[in-house]
Structure formats: structure tokens, C-alpha cells
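Participant: Structure incoming, see below.
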Amino acid sequence: MKNITLPVQGMHCASCVATIEGAVKKLPGIKKAMVNFATESLSLSYDEKSLGLDTVREAIKGVGYTLVSAGAESESKGPALHDHHAMLKAKELSLLKTKLIVGAALSFVVFMFSFPQWFVFIKLMPEMARLWTMFALTVPVQFWVGSQFYRSTWYALKNLRPNMDTLIVIGTVSAFTYSFVVIIMTTLNIDIFAKVGAANVYFDTAAIVVSLIILGKYLEAKAKGKASEAIKKLATLSAKMALVVRDGKEVEIPSSEVAVGDVIVMKPGWKVPVDGVIIEGSSTIDESMVTGESMPADKKSGDEVVGATVNKTGAFKFRATKVGKDTFLAQVIKLVEEAQGSKAPIQRLADRVSLYFVPAVILVAIITFLTWLFLGPAPAFIFGLVNFVAVLIIACPCALGLATPTAIMIGTGKGAEKGILIRNAQALELVHKIKVLVMDKTGTLTKGEPAVTDVEVFNGADREEVIRMAASLEKYSEHPIARAVLHFASSPGKNPSPSPDETAKEGLREEQPALLEVKNFSAVPGHGLKGEISLGDGANKVLLGNSKLMKRENINLSSAELQTVSALEDQGKTVMILASGGRPSGVIAVADVLKEDSRAAVEAIMSMGITPLMITGDNQKTAEAIGKEVGIEKVIAGVLPEDKAKEIKKLQAKDGIVVGMVGDGINDAPALAQADVGIAMGTGTDIAKEAGEIILVSGNLSVLVDAIRLSRATLRIIKQNLFWAFFYNVALIPIAGGVLYPFFGVLLNPIFAAAAMSFSSISVVLNSLRLKRFR
């Protein structure tokens, strides 16, 4: 199956969505076809063996729309994807602007000729000359300015799917045709209006309604352009040129021509052109576009760099590992496009209403006309015609169609700016419904790598000497704990206890201890390490390991020393005892420490009414210690990765609550898939491999809080949009039909109906744009 999202030209209202989807879904080999009105795009999942894009294009052309190819170039070169479609949209916007200017100018003149009593020079004209002038001025407005409505209506009726343009055409053509018949009959001195009322003309109504709707379309297109700025902004982030080493020389080439394996030279202030690995030099790099973090990251040889990030201070060389559509930036753009092209469950109601909306409005308009014709006061025909046109013009399925996708578009784009990648609209909607949030321990709440947390000395031993002897032994070991001890020993001034409550300064070391020579080193599996180290008083046998090693080597610990070891183990830490010269010298405790923002994030999540739950493969004691430290009361320990999904299922079975899962995007894939919303902590630049509907690029839990807040803000906007769209149509269609006339003598002029209809669509888009202020 191939998945692709392509732009569609010619969409004017929400009914277009159902027309295009209906045409495409009939084709063999289509697994999924989803049209997004706000982004004007079609998301396809299809079998390439049984269906080609040309067939899809012809099917869409058959119902009056144009499928725009992204082009082979965009498939291979990544971020610069949108030039062709952007040019088409700019051309379309320019034409709308021209039509608006022409329509507005001619409509104003028609309006003047409609009220000769206000303008002396018009009043002096012969009556027939005035009427024919109005007709001549209205024709270009009706049939050129409004030409897109006729084309759309033709295809809509041809496919038995009337849309909003159908309403506009029926309404304005009714007013125009009636007026044209009036001047023909008047010219021929044939009086056929004695029974239906005065021989008034409504050229001003036809012209001004068309011009106002074109104004609305123009403003709507401008607003929708602002709504899609996120992808445009991402697409412009990539570097245009790259300095590549070719045949021993530095050559500047376009970034799109960089190949995997090329060595690229970077200087301060330059943008990184593609993804790669540093092979020479070091620097600090601004990765805010990747992680949302404002602080630059230190990079050295062997570290990954990401295309479109900014080199701040140093110079370095790196080898390209991912180019074109495989780069991190291209993957982000693809994810955001897919999310913006998807539909949230809440949109289904609006889609169903839009499907039946236009036929229902036409029926209401006909009933309105007949009611006024047979029951209304004189001139009944005129009252019926005006209200018939008003009902058709004021109805606005566009507001319904734009209510959800515009908010989703801006919400997903805003998420990408903050390092929150949302795969689909359903995930964005569901996040705010989460009642229980299951969090994996390692790599989610903790840093996922052991670190020295405590150093205690016994029998008057020197603290620096204990650290130095332990590191000297560990340099021969490949165990992850060895790396933690060596890292700690090589970090002068580092506080061994990362607890935020730690305020004591006596634990700080001022200088890095030099490692000692170890002879007769050996590792005792399951116990620890031993060797001989030469100190001032000669060679000493040094042991570093657990209580079993001490017992095996006949090293006795006092009750106070045993109590220290037990207290550290109760905190879920791995304790290594150092013995030198036949007696214990101290202990070093190692643990997978919490991320700096974990506790604050958990507190924020709980304040939102969400119950956090930690799940881990660690033993109960370690799990409870971490849970206590981070503020999570409910802990499930001793769970293998493959069994985590079963635990999620058990939680979901309780009262059908919505369960979210936060974990490693690869190791926890089954649990993330089982959860109602899977949230993956970013583990690298290859986000395409990540499981989960939401990816937190930086791997920080504080960003998860932002994701929940963003979901709530987006859903709040969607509900406001839908309420306004439904309220507008339910309230104003009866008013346009004349329901207030018997009580207050009030009728709605079709011109004001057109203005109200345009405002309805624009207001929905403008309300969605408020999400751009999300912080």
C-alpha cells in the first residue's frame, strides 16, 4: 500500500469533500481516501499494482476538480515540497482579487442605478436606458466574476451532489432572470405583473451578492493561508547551500545535491544542510527547531547533527547520513501534513450534516417561496422571490466544513513548533480525554542511564581516594555501571546526589582524581571486581562489588555500615562496597536518576485531573522508590515489555476509561499501540520508526504537559466553531425565510444575507487562528 497526500484545486465548500471522496472511493485498489477542506488536499492509501494516480486524477477531474501532482522532485529532495502548489494558490488568490475589484466596482454602479432618486444624473436618464445599463453591468459580474460557481454547480448537479455553489447560482440566477424578464416585458409593453406585484428589478441584489461572496472567498483564502503557515515555515528552514569536501577540495553545492557519505564543512553561524555525524571538531548547536528547547546543545565527534539546526560557535566536519526525504526535517513536514490531512472523530457529525445540508436548504427555500406566494401579502410573488433568494444565500455549509480542520491544522502546526509531532487528528482530540496516563520508568521518567548518586566513606577513609580506587577498577569493565563511575570520576565539582532537595556542598569535588594502575584485575560474575592497587603503603588488594563479594572475601561490615547499605538499597539504588586492605572503605550507589523535569511534569498532569501510573520491569522496591521520588502512588513493577500491553488492556476494561501510554517509541511499541493514545519519547532523528500517535522530540516530560494543554485548547476552539456554525444556520435560515415578518415586519435583504454568509466562514477561520497564540 502506498500513502500519499496531494493538493486538490477547485474546492469551494464542505460539500466538495463528499463529492471528491465519493468519486475516489469507488475506484478499485483504494484503501483510504480522505479529503481535507481546510488544507484542500486528498490523503490516499492505495494499492499501486491495481491503481495508478492517473486513474485517480481522471476520477477527480470527472467531478469537476483538479488533483495537483507533488512531482517526482519533491519525493526525492525533501523539504522544498510546496512550490508548485503554492504558485497555483497564489495565482488563484490573484484572480480572486481581480474579480473582487471588478465585481465591487460594477456592483457599486449597479447599486447607484437602482436608486435614481438619490442620484440626479441617473434620474434624468430614460427609464429603459437605466434598466438596460443595469443589465449590461450585471452580466459580467454574474457570469465572469461568479463563473467558478457555475462550473462547480454543473459538476455538482451532474453527479447529483448539490453544493453551496448550487445555492448561490440558484439564488442569484433567480434574481437576475426575473429582472431580465421584467425589462424584456417592459420593452415589449407586455404587462404580466398585475397578479404577481410590481415590476421591480433585482440586478443590484444579484451583482452585490456575487461580489460579497467573492469577497468572503478571498478573505477566507487569505485566512486559510495563515492557518497553513506552520508547514511553510518548516519548509523554509532548510539550508540552501552546503560546503562539501570533494576530491580533497571544499566545494559549495546546493543542499539538495548532497549525497549520503559526503563530508560537509561547517562554520559558525551556518545552518546544518542535512542530517549526519560529526567526524572532526566540536561546537554548540541551536536545536530549537527540533526539540523546542531554547538552550544550545554541545556537540563533539561522534554526535549526531540534524539538518536545519544552526551552528553557533565552533567549526566542525560531519558525514552525511540522511538526505532529501529521509532527513529529520522532511519527516517532520510529512508527519504534520498527514496530521493536517486527517479527520478528527468530532468532524464526522459536521460531514454528515454537510452531506444533506444543501438539498435540505433548497427544499426549505422552495417551501418559503410557495408559502409567501400563496399566504403572503401583496406583492406576494416579490416577497416570495426575495425570501427564496435570501434563504439560499444565507445558508453556509462552509462554516461547518471549516470548523474542525482549520483548528486541527493550526494545532498540529503549533505542536510541531514546540517539538510535539502529532500523527493524526484523532490523537489530538483524544489526548484531552485521558483519565489514566501510564508512564514507563526507564527513559521516560528517568534518564535511562545509571549515574552515581551517593558516595559514603567508612573507617576514616578519604572520599577522593575511594572514588579514585573505584574508577581505577571500573576502567577495565564494560558494564553500564562502570561507565557511570568513570563518568562521575571524570566530572570535577559534580554533586553525586541529583536530588533537588540536596543543598549540602561538602559532596562537591574540586579536581579530577588521576586513575591508579591496577594489577591482577579480575571480574567476578554477579559479584563485582577485584585487583591490586599500589598505594603509599604498598600493594593493596581492592574489592568493589555487592555484599556477596564481601562475604566471599571475608570482609565484615559493622552494623552501622550494613545499615547505610540497606538504606541506599531501600531507595532502589545499586550499592557497590569498596574494600581495601581487608576492611571496608566506603560505598558508591548508582541509580537511573530522574529527569530534571519529571516531578514537576507529574504534578502538572495530576493537577489536570489525570491519574499517573508507572509501569516498569524493575523490582518492586526500586519501582516504589522512583515512584515516591517522582510523586506517583500507583506503581506496577516486574512487567516485561511484551506484557505491558496486557496491563494497558486491563486498565481500559475498567469503566471504559481513556488510557494514554508514554514510553520508548521502539521498545514499548506494543503497549503504545494498545493504548487509546500512544505517546513516544523521541529517541533519535528517525521519527518514522517511532510508534505512537504523538512523538515528543526532546524526550522531556514537560513537553507532554504542553501536548495535553494544546489538545484541550484545540478541542475548545473546535467546539466553539461547531457551535457557531450550527447556531448560525439554525437561527438565520428561518429569519431569511421571513419568520420574523408576521411579528415585527422584518425581512432579511439577500445582500445582508450574503454578507452574513461570508462572515460566518471567515469568523470560524479567525477563531481557529487564535491557536497561534498558544504558549
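Naming works like this for the C-alpha cells: A, B, ... for the chains as they're shown, residue 1 at the start of each chain, ligands 1 onward in shown order.
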Per DSSP on the backbone, what are the strand (DSSP E) residues of stretch 80-326 of chain A, as a ChimeraX atom specification?
Facilitator: /A:241-246,249-254,263-266,275-281,283-286,297-299,304-305,310-311,316-322
Participant: Which residues, written as a list of chain:residue names, have at least one atom at most 7 Å from A:Val35, with only C-alpha atoms counted and residues fewer than 5 positions away on the same chain left out?
Facilitator: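 Residues near the query, excluding close chain neighbours: A:Val17, A:Glu21, A:Ser41, A:Leu42, A:Ser43.
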Participant: Print the selection's residues with all heavy atoms to a file, as a PDB file, in the first residue's frame.
Facilitator:
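out.pdb was written with the following content:
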```pdb
ATOM      1  N   VAL A  17     -16.051  18.036  -0.296  1.00  0.00           N
ATOM      2  CA  VAL A  17     -15.363  16.924   0.361  1.00  0.00           C
ATOM      3  C   VAL A  17     -16.051  15.607   0.035  1.00  0.00           C
ATOM      4  O   VAL A  17     -15.422  14.635  -0.400  1.00  0.00           O
ATOM      5  CB  VAL A  17     -15.319  17.145   1.896  1.00  0.00           C
ATOM      6  CG1 VAL A  17     -14.776  15.906   2.608  1.00  0.00           C
ATOM      7  CG2 VAL A  17     -14.480  18.365   2.228  1.00  0.00           C
ATOM      8  N   GLU A  21     -14.480  12.535  -2.252  1.00  0.00           N
ATOM      9  CA  GLU A  21     -14.313  11.245  -1.577  1.00  0.00           C
ATOM     10  C   GLU A  21     -15.182  10.166  -2.228  1.00  0.00           C
ATOM     11  O   GLU A  21     -14.742   9.027  -2.423  1.00  0.00           O
ATOM     12  CB  GLU A  21     -14.655  11.367  -0.091  1.00  0.00           C
ATOM     13  CG  GLU A  21     -13.601  12.100   0.718  1.00  0.00           C
ATOM     14  CD  GLU A  21     -13.949  12.150   2.202  1.00  0.00           C
ATOM     15  OE1 GLU A  21     -15.062  11.716   2.565  1.00  0.00           O
ATOM     16  OE2 GLU A  21     -13.105  12.621   2.993  1.00  0.00           O
ATOM     17  N   SER A  41      -6.661  19.221   0.361  1.00  0.00           N
ATOM     18  CA  SER A  41      -5.787  18.111  -0.005  1.00  0.00           C
ATOM     19  C   SER A  41      -6.530  16.788   0.092  1.00  0.00           C
ATOM     20  O   SER A  41      -7.544  16.673   0.777  1.00  0.00           O
ATOM     21  CB  SER A  41      -4.564  18.092   0.916  1.00  0.00           C
ATOM     22  OG  SER A  41      -4.959  17.863   2.260  1.00  0.00           O
ATOM     23  N   LEU A  42      -5.979  15.796  -0.614  1.00  0.00           N
ATOM     24  CA  LEU A  42      -6.518  14.439  -0.612  1.00  0.00           C
ATOM     25  C   LEU A  42      -5.448  13.494  -0.080  1.00  0.00           C
ATOM     26  O   LEU A  42      -4.341  13.447  -0.622  1.00  0.00           O
ATOM     27  CB  LEU A  42      -6.924  14.020  -2.034  1.00  0.00           C
ATOM     28  CG  LEU A  42      -7.230  12.529  -2.257  1.00  0.00           C
ATOM     29  CD1 LEU A  42      -8.483  12.119  -1.496  1.00  0.00           C
ATOM     30  CD2 LEU A  42      -7.384  12.236  -3.750  1.00  0.00           C
ATOM     31  N   SER A  43      -5.774  12.763   1.003  1.00  0.00           N
ATOM     32  CA  SER A  43      -4.869  11.757   1.550  1.00  0.00           C
ATOM     33  C   SER A  43      -5.327  10.391   1.057  1.00  0.00           C
ATOM     34  O   SER A  43      -6.471  10.002   1.286  1.00  0.00           O
ATOM     35  CB  SER A  43      -4.876  11.798   3.079  1.00  0.00           C
ATOM     36  OG  SER A  43      -4.384  13.029   3.542  1.00  0.00           O
TER      37      SER A  43
END
```
Participant: Just checking: using only C-alpha atoms, which residue out of A:Glu338, A:Asp298, A:Asp655, A:Asp706 ends up closest to A:Met608?
Facilitator: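 For A:Met608, the nearest of the candidates is A:Asp706.
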Participant: Need to verify the contact set: A:Asn163, 6 Å, only C-alpha atoms, exclusion of same-chain residues closer than 3 positions in sequence. Can you return it as a ChimeraX atom specification?
Facilitator: /A:15,166,358
Participant: Excluding A:Met550 and any residue of its chain fewer than 2 positions from it, enumerate the residues within 12 Å of it, using only C-alpha atoms, and give them as JSON, numbers by chain.
Facilitator: {"A": [524, 527, 528, 529, 530, 542, 543, 544, 545, 546, 547, 548, 552, 553, 554, 555, 556, 557, 562, 576, 577, 578, 579, 580, 582, 583, 584, 585, 587]}
Participant: With only C-alpha atoms as the basis for distance, which of A:Leu131, A:Val210, A:Ala378, A:Leu51 is at the shortest distance from A:Val24?
Facilitator: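 Among A:Leu131, A:Val210, A:Ala378, A:Leu51, it is A:Leu51 that comes nearest to A:Val24.
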Participant: So that I can see what lies close to A:Ser282, please list as a PyMOL selection string the residues with an atom at most 8 Å from it, counting only C-alpha atoms and leaving out residues fewer than 3 positions away in the same chain.
Facilitator: chain A and resi 278+298-301+314-316
Participant: Would you please work out which residue, of A:Thr66, A:Thr172, A:Gln347, A:Thr453, is nearest to A:Ile481 when using only C-alpha atoms?
Facilitator: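 Between A:Thr66, A:Thr172, A:Gln347, A:Thr453, the residue approaching A:Ile481 most closely is A:Thr453.
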Participant: Between A:Thr611, A:Asn700, A:Ser559, A:Thr368, single out the one closest to A:Ile420, counting only C-alpha atoms.
Facilitator: A:Asn700
Participant: Of the residues A:Gln674, A:Ser491, A:Thr236, A:Asn424, which is the one nearest to A:Glu337, using only C-alpha atoms?
Facilitator: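 Using only C-alpha atoms, the shortest distance to A:Glu337 belongs to A:Asn424.
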Participant: Which residues are close to A:Thr19, i.e. within 12 Å by only C-alpha atoms, leaving aside same-chain residues fewer than 3 positions away? Reply as a PDB file with N, CA, C and O atoms, in the first residue's frame.
Facilitator:
```pdb
ATOM      1  N   GLY A  10      -9.952  23.658  -6.783  1.00  0.00           N
ATOM      2  CA  GLY A  10     -11.343  23.833  -7.173  1.00  0.00           C
ATOM      3  C   GLY A  10     -12.346  23.606  -6.064  1.00  0.00           C
ATOM      4  O   GLY A  10     -13.554  23.682  -6.296  1.00  0.00           O
ATOM      5  N   MET A  11     -11.869  23.353  -4.825  1.00  0.00           N
ATOM      6  CA  MET A  11     -12.798  23.132  -3.710  1.00  0.00           C
ATOM      7  C   MET A  11     -13.323  24.471  -3.204  1.00  0.00           C
ATOM      8  O   MET A  11     -12.546  25.388  -2.942  1.00  0.00           O
ATOM      9  N   HIS A  12     -14.652  24.551  -3.058  1.00  0.00           N
ATOM     10  CA  HIS A  12     -15.258  25.810  -2.619  1.00  0.00           C
ATOM     11  C   HIS A  12     -16.070  25.693  -1.338  1.00  0.00           C
ATOM     12  O   HIS A  12     -16.367  26.697  -0.707  1.00  0.00           O
ATOM     13  N   CYS A  13     -16.470  24.497  -0.993  1.00  0.00           N
ATOM     14  CA  CYS A  13     -17.293  24.357   0.215  1.00  0.00           C
ATOM     15  C   CYS A  13     -17.173  22.943   0.768  1.00  0.00           C
ATOM     16  O   CYS A  13     -16.549  22.066   0.164  1.00  0.00           O
ATOM     17  N   ALA A  14     -17.793  22.741   1.938  1.00  0.00           N
ATOM     18  CA  ALA A  14     -17.689  21.454   2.618  1.00  0.00           C
ATOM     19  C   ALA A  14     -18.300  20.315   1.815  1.00  0.00           C
ATOM     20  O   ALA A  14     -17.883  19.163   1.927  1.00  0.00           O
ATOM     21  N   SER A  15     -19.288  20.621   0.980  1.00  0.00           N
ATOM     22  CA  SER A  15     -19.922  19.575   0.174  1.00  0.00           C
ATOM     23  C   SER A  15     -18.960  18.988  -0.852  1.00  0.00           C
ATOM     24  O   SER A  15     -19.126  17.851  -1.303  1.00  0.00           O
ATOM     25  N   CYS A  16     -17.942  19.775  -1.226  1.00  0.00           N
ATOM     26  CA  CYS A  16     -16.937  19.290  -2.177  1.00  0.00           C
ATOM     27  C   CYS A  16     -16.212  18.072  -1.612  1.00  0.00           C
ATOM     28  O   CYS A  16     -15.774  17.200  -2.360  1.00  0.00           O
ATOM     29  N   GLY A  22     -16.408  10.523  -2.589  1.00  0.00           N
ATOM     30  CA  GLY A  22     -17.314   9.567  -3.219  1.00  0.00           C
ATOM     31  C   GLY A  22     -16.780   9.071  -4.548  1.00  0.00           C
ATOM     32  O   GLY A  22     -16.882   7.880  -4.874  1.00  0.00           O
ATOM     33  N   ALA A  23     -16.180   9.992  -5.335  1.00  0.00           N
ATOM     34  CA  ALA A  23     -15.639   9.613  -6.642  1.00  0.00           C
ATOM     35  C   ALA A  23     -14.413   8.711  -6.512  1.00  0.00           C
ATOM     36  O   ALA A  23     -14.250   7.751  -7.269  1.00  0.00           O
ATOM     37  N   VAL A  24     -13.558   9.017  -5.554  1.00  0.00           N
ATOM     38  CA  VAL A  24     -12.299   8.263  -5.399  1.00  0.00           C
ATOM     39  C   VAL A  24     -12.536   6.905  -4.757  1.00  0.00           C
ATOM     40  O   VAL A  24     -11.921   5.898  -5.147  1.00  0.00           O
ATOM     41  N   LYS A  25     -13.410   6.839  -3.776  1.00  0.00           N
ATOM     42  CA  LYS A  25     -13.636   5.576  -3.062  1.00  0.00           C
ATOM     43  C   LYS A  25     -14.241   4.489  -3.941  1.00  0.00           C
ATOM     44  O   LYS A  25     -14.176   3.302  -3.609  1.00  0.00           O
ATOM     45  N   LYS A  26     -14.825   4.877  -5.072  1.00  0.00           N
ATOM     46  CA  LYS A  26     -15.402   3.886  -5.983  1.00  0.00           C
ATOM     47  C   LYS A  26     -14.322   3.115  -6.745  1.00  0.00           C
ATOM     48  O   LYS A  26     -14.579   2.053  -7.297  1.00  0.00           O
ATOM     49  N   ALA A  33      -9.456   7.072   1.406  1.00  0.00           N
ATOM     50  CA  ALA A  33      -9.455   8.346   0.688  1.00  0.00           C
ATOM     51  C   ALA A  33     -10.086   9.385   1.591  1.00  0.00           C
ATOM     52  O   ALA A  33     -11.244   9.264   1.979  1.00  0.00           O
ATOM     53  N   MET A  34      -9.303  10.393   1.966  1.00  0.00           N
ATOM     54  CA  MET A  34      -9.792  11.378   2.921  1.00  0.00           C
ATOM     55  C   MET A  34      -9.456  12.783   2.413  1.00  0.00           C
ATOM     56  O   MET A  34      -8.291  13.090   2.141  1.00  0.00           O
ATOM     57  N   VAL A  35     -10.483  13.610   2.253  1.00  0.00           N
ATOM     58  CA  VAL A  35     -10.305  14.970   1.750  1.00  0.00           C
ATOM     59  C   VAL A  35     -10.402  15.953   2.912  1.00  0.00           C
ATOM     60  O   VAL A  35     -11.298  15.847   3.748  1.00  0.00           O
ATOM     61  N   PHE A  37     -10.908  19.864   3.695  1.00  0.00           N
ATOM     62  CA  PHE A  37     -11.323  21.121   3.071  1.00  0.00           C
ATOM     63  C   PHE A  37     -10.391  22.269   3.439  1.00  0.00           C
ATOM     64  O   PHE A  37     -10.071  23.120   2.605  1.00  0.00           O
ATOM     65  N   ALA A  59     -10.710  10.491 -12.261  1.00  0.00           N
ATOM     66  CA  ALA A  59     -11.942  10.385 -11.470  1.00  0.00           C
ATOM     67  C   ALA A  59     -12.274  11.720 -10.816  1.00  0.00           C
ATOM     68  O   ALA A  59     -13.436  12.147 -10.780  1.00  0.00           O
ATOM     69  N   ILE A  60     -11.247  12.403 -10.316  1.00  0.00           N
ATOM     70  CA  ILE A  60     -11.453  13.706  -9.661  1.00  0.00           C
ATOM     71  C   ILE A  60     -11.808  14.767 -10.689  1.00  0.00           C
ATOM     72  O   ILE A  60     -12.668  15.624 -10.455  1.00  0.00           O
ATOM     73  N   LYS A  61     -11.162  14.677 -11.862  1.00  0.00           N
ATOM     74  CA  LYS A  61     -11.479  15.614 -12.944  1.00  0.00           C
ATOM     75  C   LYS A  61     -12.929  15.454 -13.393  1.00  0.00           C
ATOM     76  O   LYS A  61     -13.612  16.425 -13.733  1.00  0.00           O
ATOM     77  N   GLY A  62     -13.410  14.205 -13.352  1.00  0.00           N
ATOM     78  CA  GLY A  62     -14.774  13.918 -13.768  1.00  0.00           C
ATOM     79  C   GLY A  62     -15.835  14.554 -12.906  1.00  0.00           C
ATOM     80  O   GLY A  62     -16.971  14.742 -13.347  1.00  0.00           O
ATOM     81  N   VAL A  63     -15.490  14.898 -11.657  1.00  0.00           N
ATOM     82  CA  VAL A  63     -16.469  15.553 -10.776  1.00  0.00           C
ATOM     83  C   VAL A  63     -16.167  17.039 -10.603  1.00  0.00           C
ATOM     84  O   VAL A  63     -16.730  17.709  -9.740  1.00  0.00           O
ATOM     85  N   GLY A  64     -15.208  17.557 -11.449  1.00  0.00           N
ATOM     86  CA  GLY A  64     -15.020  18.998 -11.504  1.00  0.00           C
ATOM     87  C   GLY A  64     -13.857  19.561 -10.720  1.00  0.00           C
ATOM     88  O   GLY A  64     -13.798  20.770 -10.490  1.00  0.00           O
ATOM     89  N   TYR A  65     -12.898  18.729 -10.323  1.00  0.00           N
ATOM     90  CA  TYR A  65     -11.773  19.222  -9.537  1.00  0.00           C
ATOM     91  C   TYR A  65     -10.460  18.774 -10.171  1.00  0.00           C
ATOM     92  O   TYR A  65     -10.444  17.926 -11.071  1.00  0.00           O
ATOM     93  N   SER A 152     -18.763  24.846 -10.829  1.00  0.00           N
ATOM     94  CA  SER A 152     -18.937  23.925  -9.703  1.00  0.00           C
ATOM     95  C   SER A 152     -20.348  23.348  -9.674  1.00  0.00           C
ATOM     96  O   SER A 152     -20.550  22.154  -9.425  1.00  0.00           O
ATOM     97  N   THR A 153     -21.350  24.207  -9.951  1.00  0.00           N
ATOM     98  CA  THR A 153     -22.748  23.760  -9.938  1.00  0.00           C
ATOM     99  C   THR A 153     -23.012  22.718 -11.026  1.00  0.00           C
ATOM    100  O   THR A 153     -23.736  21.740 -10.799  1.00  0.00           O
ATOM    101  N   TYR A 155     -20.937  20.492 -12.347  1.00  0.00           N
ATOM    102  CA  TYR A 155     -20.421  19.193 -11.931  1.00  0.00           C
ATOM    103  C   TYR A 155     -21.200  18.631 -10.744  1.00  0.00           C
ATOM    104  O   TYR A 155     -21.392  17.417 -10.631  1.00  0.00           O
ATOM    105  N   ALA A 156     -21.636  19.511  -9.846  1.00  0.00           N
ATOM    106  CA  ALA A 156     -22.397  19.061  -8.675  1.00  0.00           C
ATOM    107  C   ALA A 156     -23.719  18.423  -9.091  1.00  0.00           C
ATOM    108  O   ALA A 156     -24.090  17.344  -8.613  1.00  0.00           O
ATOM    109  N   LEU A 157     -24.427  19.091 -10.005  1.00  0.00           N
ATOM    110  CA  LEU A 157     -25.713  18.552 -10.469  1.00  0.00           C
ATOM    111  C   LEU A 157     -25.510  17.311 -11.337  1.00  0.00           C
ATOM    112  O   LEU A 157     -26.305  16.371 -11.297  1.00  0.00           O
ATOM    113  N   LYS A 158     -24.433  17.320 -12.116  1.00  0.00           N
ATOM    114  CA  LYS A 158     -24.103  16.177 -12.958  1.00  0.00           C
ATOM    115  C   LYS A 158     -23.892  14.911 -12.119  1.00  0.00           C
ATOM    116  O   LYS A 158     -24.265  13.808 -12.526  1.00  0.00           O
ATOM    117  N   ASN A 159     -23.320  15.101 -10.919  1.00  0.00           N
ATOM    118  CA  ASN A 159     -23.051  13.972 -10.036  1.00  0.00           C
ATOM    119  C   ASN A 159     -24.085  13.826  -8.919  1.00  0.00           C
ATOM    120  O   ASN A 159     -23.883  13.075  -7.976  1.00  0.00           O
ATOM    121  N   LEU A 160     -25.192  14.596  -9.052  1.00  0.00           N
ATOM    122  CA  LEU A 160     -26.292  14.546  -8.080  1.00  0.00           C
ATOM    123  C   LEU A 160     -25.824  14.839  -6.660  1.00  0.00           C
ATOM    124  O   LEU A 160     -26.278  14.237  -5.691  1.00  0.00           O
ATOM    125  N   ARG A 161     -24.873  15.784  -6.549  1.00  0.00           N
ATOM    126  CA  ARG A 161     -24.376  16.202  -5.234  1.00  0.00           C
ATOM    127  C   ARG A 161     -24.350  17.729  -5.168  1.00  0.00           C
ATOM    128  O   ARG A 161     -23.298  18.346  -5.284  1.00  0.00           O
ATOM    129  N   PRO A 162     -25.521  18.371  -5.027  1.00  0.00           N
ATOM    130  CA  PRO A 162     -25.544  19.842  -4.966  1.00  0.00           C
ATOM    131  C   PRO A 162     -24.716  20.370  -3.802  1.00  0.00           C
ATOM    132  O   PRO A 162     -24.674  19.770  -2.742  1.00  0.00           O
ATOM    133  N   ASN A 163     -24.058  21.511  -4.036  1.00  0.00           N
ATOM    134  CA  ASN A 163     -23.193  22.101  -3.002  1.00  0.00           C
ATOM    135  C   ASN A 163     -23.561  23.558  -2.755  1.00  0.00           C
ATOM    136  O   ASN A 163     -24.575  24.039  -3.240  1.00  0.00           O
ATOM    137  N   ASP A 351     -19.511  16.444   8.821  1.00  0.00           N
ATOM    138  CA  ASP A 351     -19.505  15.873   7.475  1.00  0.00           C
ATOM    139  C   ASP A 351     -20.879  15.298   7.102  1.00  0.00           C
ATOM    140  O   ASP A 351     -21.349  15.454   5.977  1.00  0.00           O
ATOM    141  N   SER A 354     -23.255  18.182   6.468  1.00  0.00           N
ATOM    142  CA  SER A 354     -22.941  18.848   5.197  1.00  0.00           C
ATOM    143  C   SER A 354     -23.466  18.063   4.005  1.00  0.00           C
ATOM    144  O   SER A 354     -23.872  18.637   2.992  1.00  0.00           O
ATOM    145  N   LEU A 355     -23.462  16.731   4.113  1.00  0.00           N
ATOM    146  CA  LEU A 355     -23.904  15.871   3.009  1.00  0.00           C
ATOM    147  C   LEU A 355     -25.372  16.126   2.653  1.00  0.00           C
ATOM    148  O   LEU A 355     -25.747  16.135   1.481  1.00  0.00           O
TER     149      LEU A 355
END
```
Participant: Taking the DSSP assignment computed from this structure's backbone, write out as a VMD selection string all residues of stretch 671-772 of chain A that belong to alpha helix (DSSP H).
Facilitator: chain A and resid 671 to 674 701 to 736 741 to 744 750 to 769
Participant: For A:Ile679, list every protein, DNA or RNA residue within 7 Å, evaluated using only C-alpha atoms, and leave out those in the same chain fewer than 3 positions away; present the list as a list of chain:residue names.
Facilitator: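 Final neighbour list, sorted by chain and number: A:Met661, A:Val662, A:Gly663, A:Leu672, A:Gly692, A:Glu693, A:Ile694, A:Ile695.
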Participant: Which of these residues is nearest to A:Ile184, using only C-alpha atoms: A:Ala707, A:Met757, A:Val201, A:Ala623?
Facilitator: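 Between A:Ala707, A:Met757, A:Val201, A:Ala623, the residue approaching A:Ile184 most closely is A:Val201.
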Participant: Separation of atom CA of A:Val332 and atom CA of A:Ser45, in Å?
Facilitator: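 Computed distance, atom CA of A:Val332 to atom CA of A:Ser45, equals 19.4 Å.
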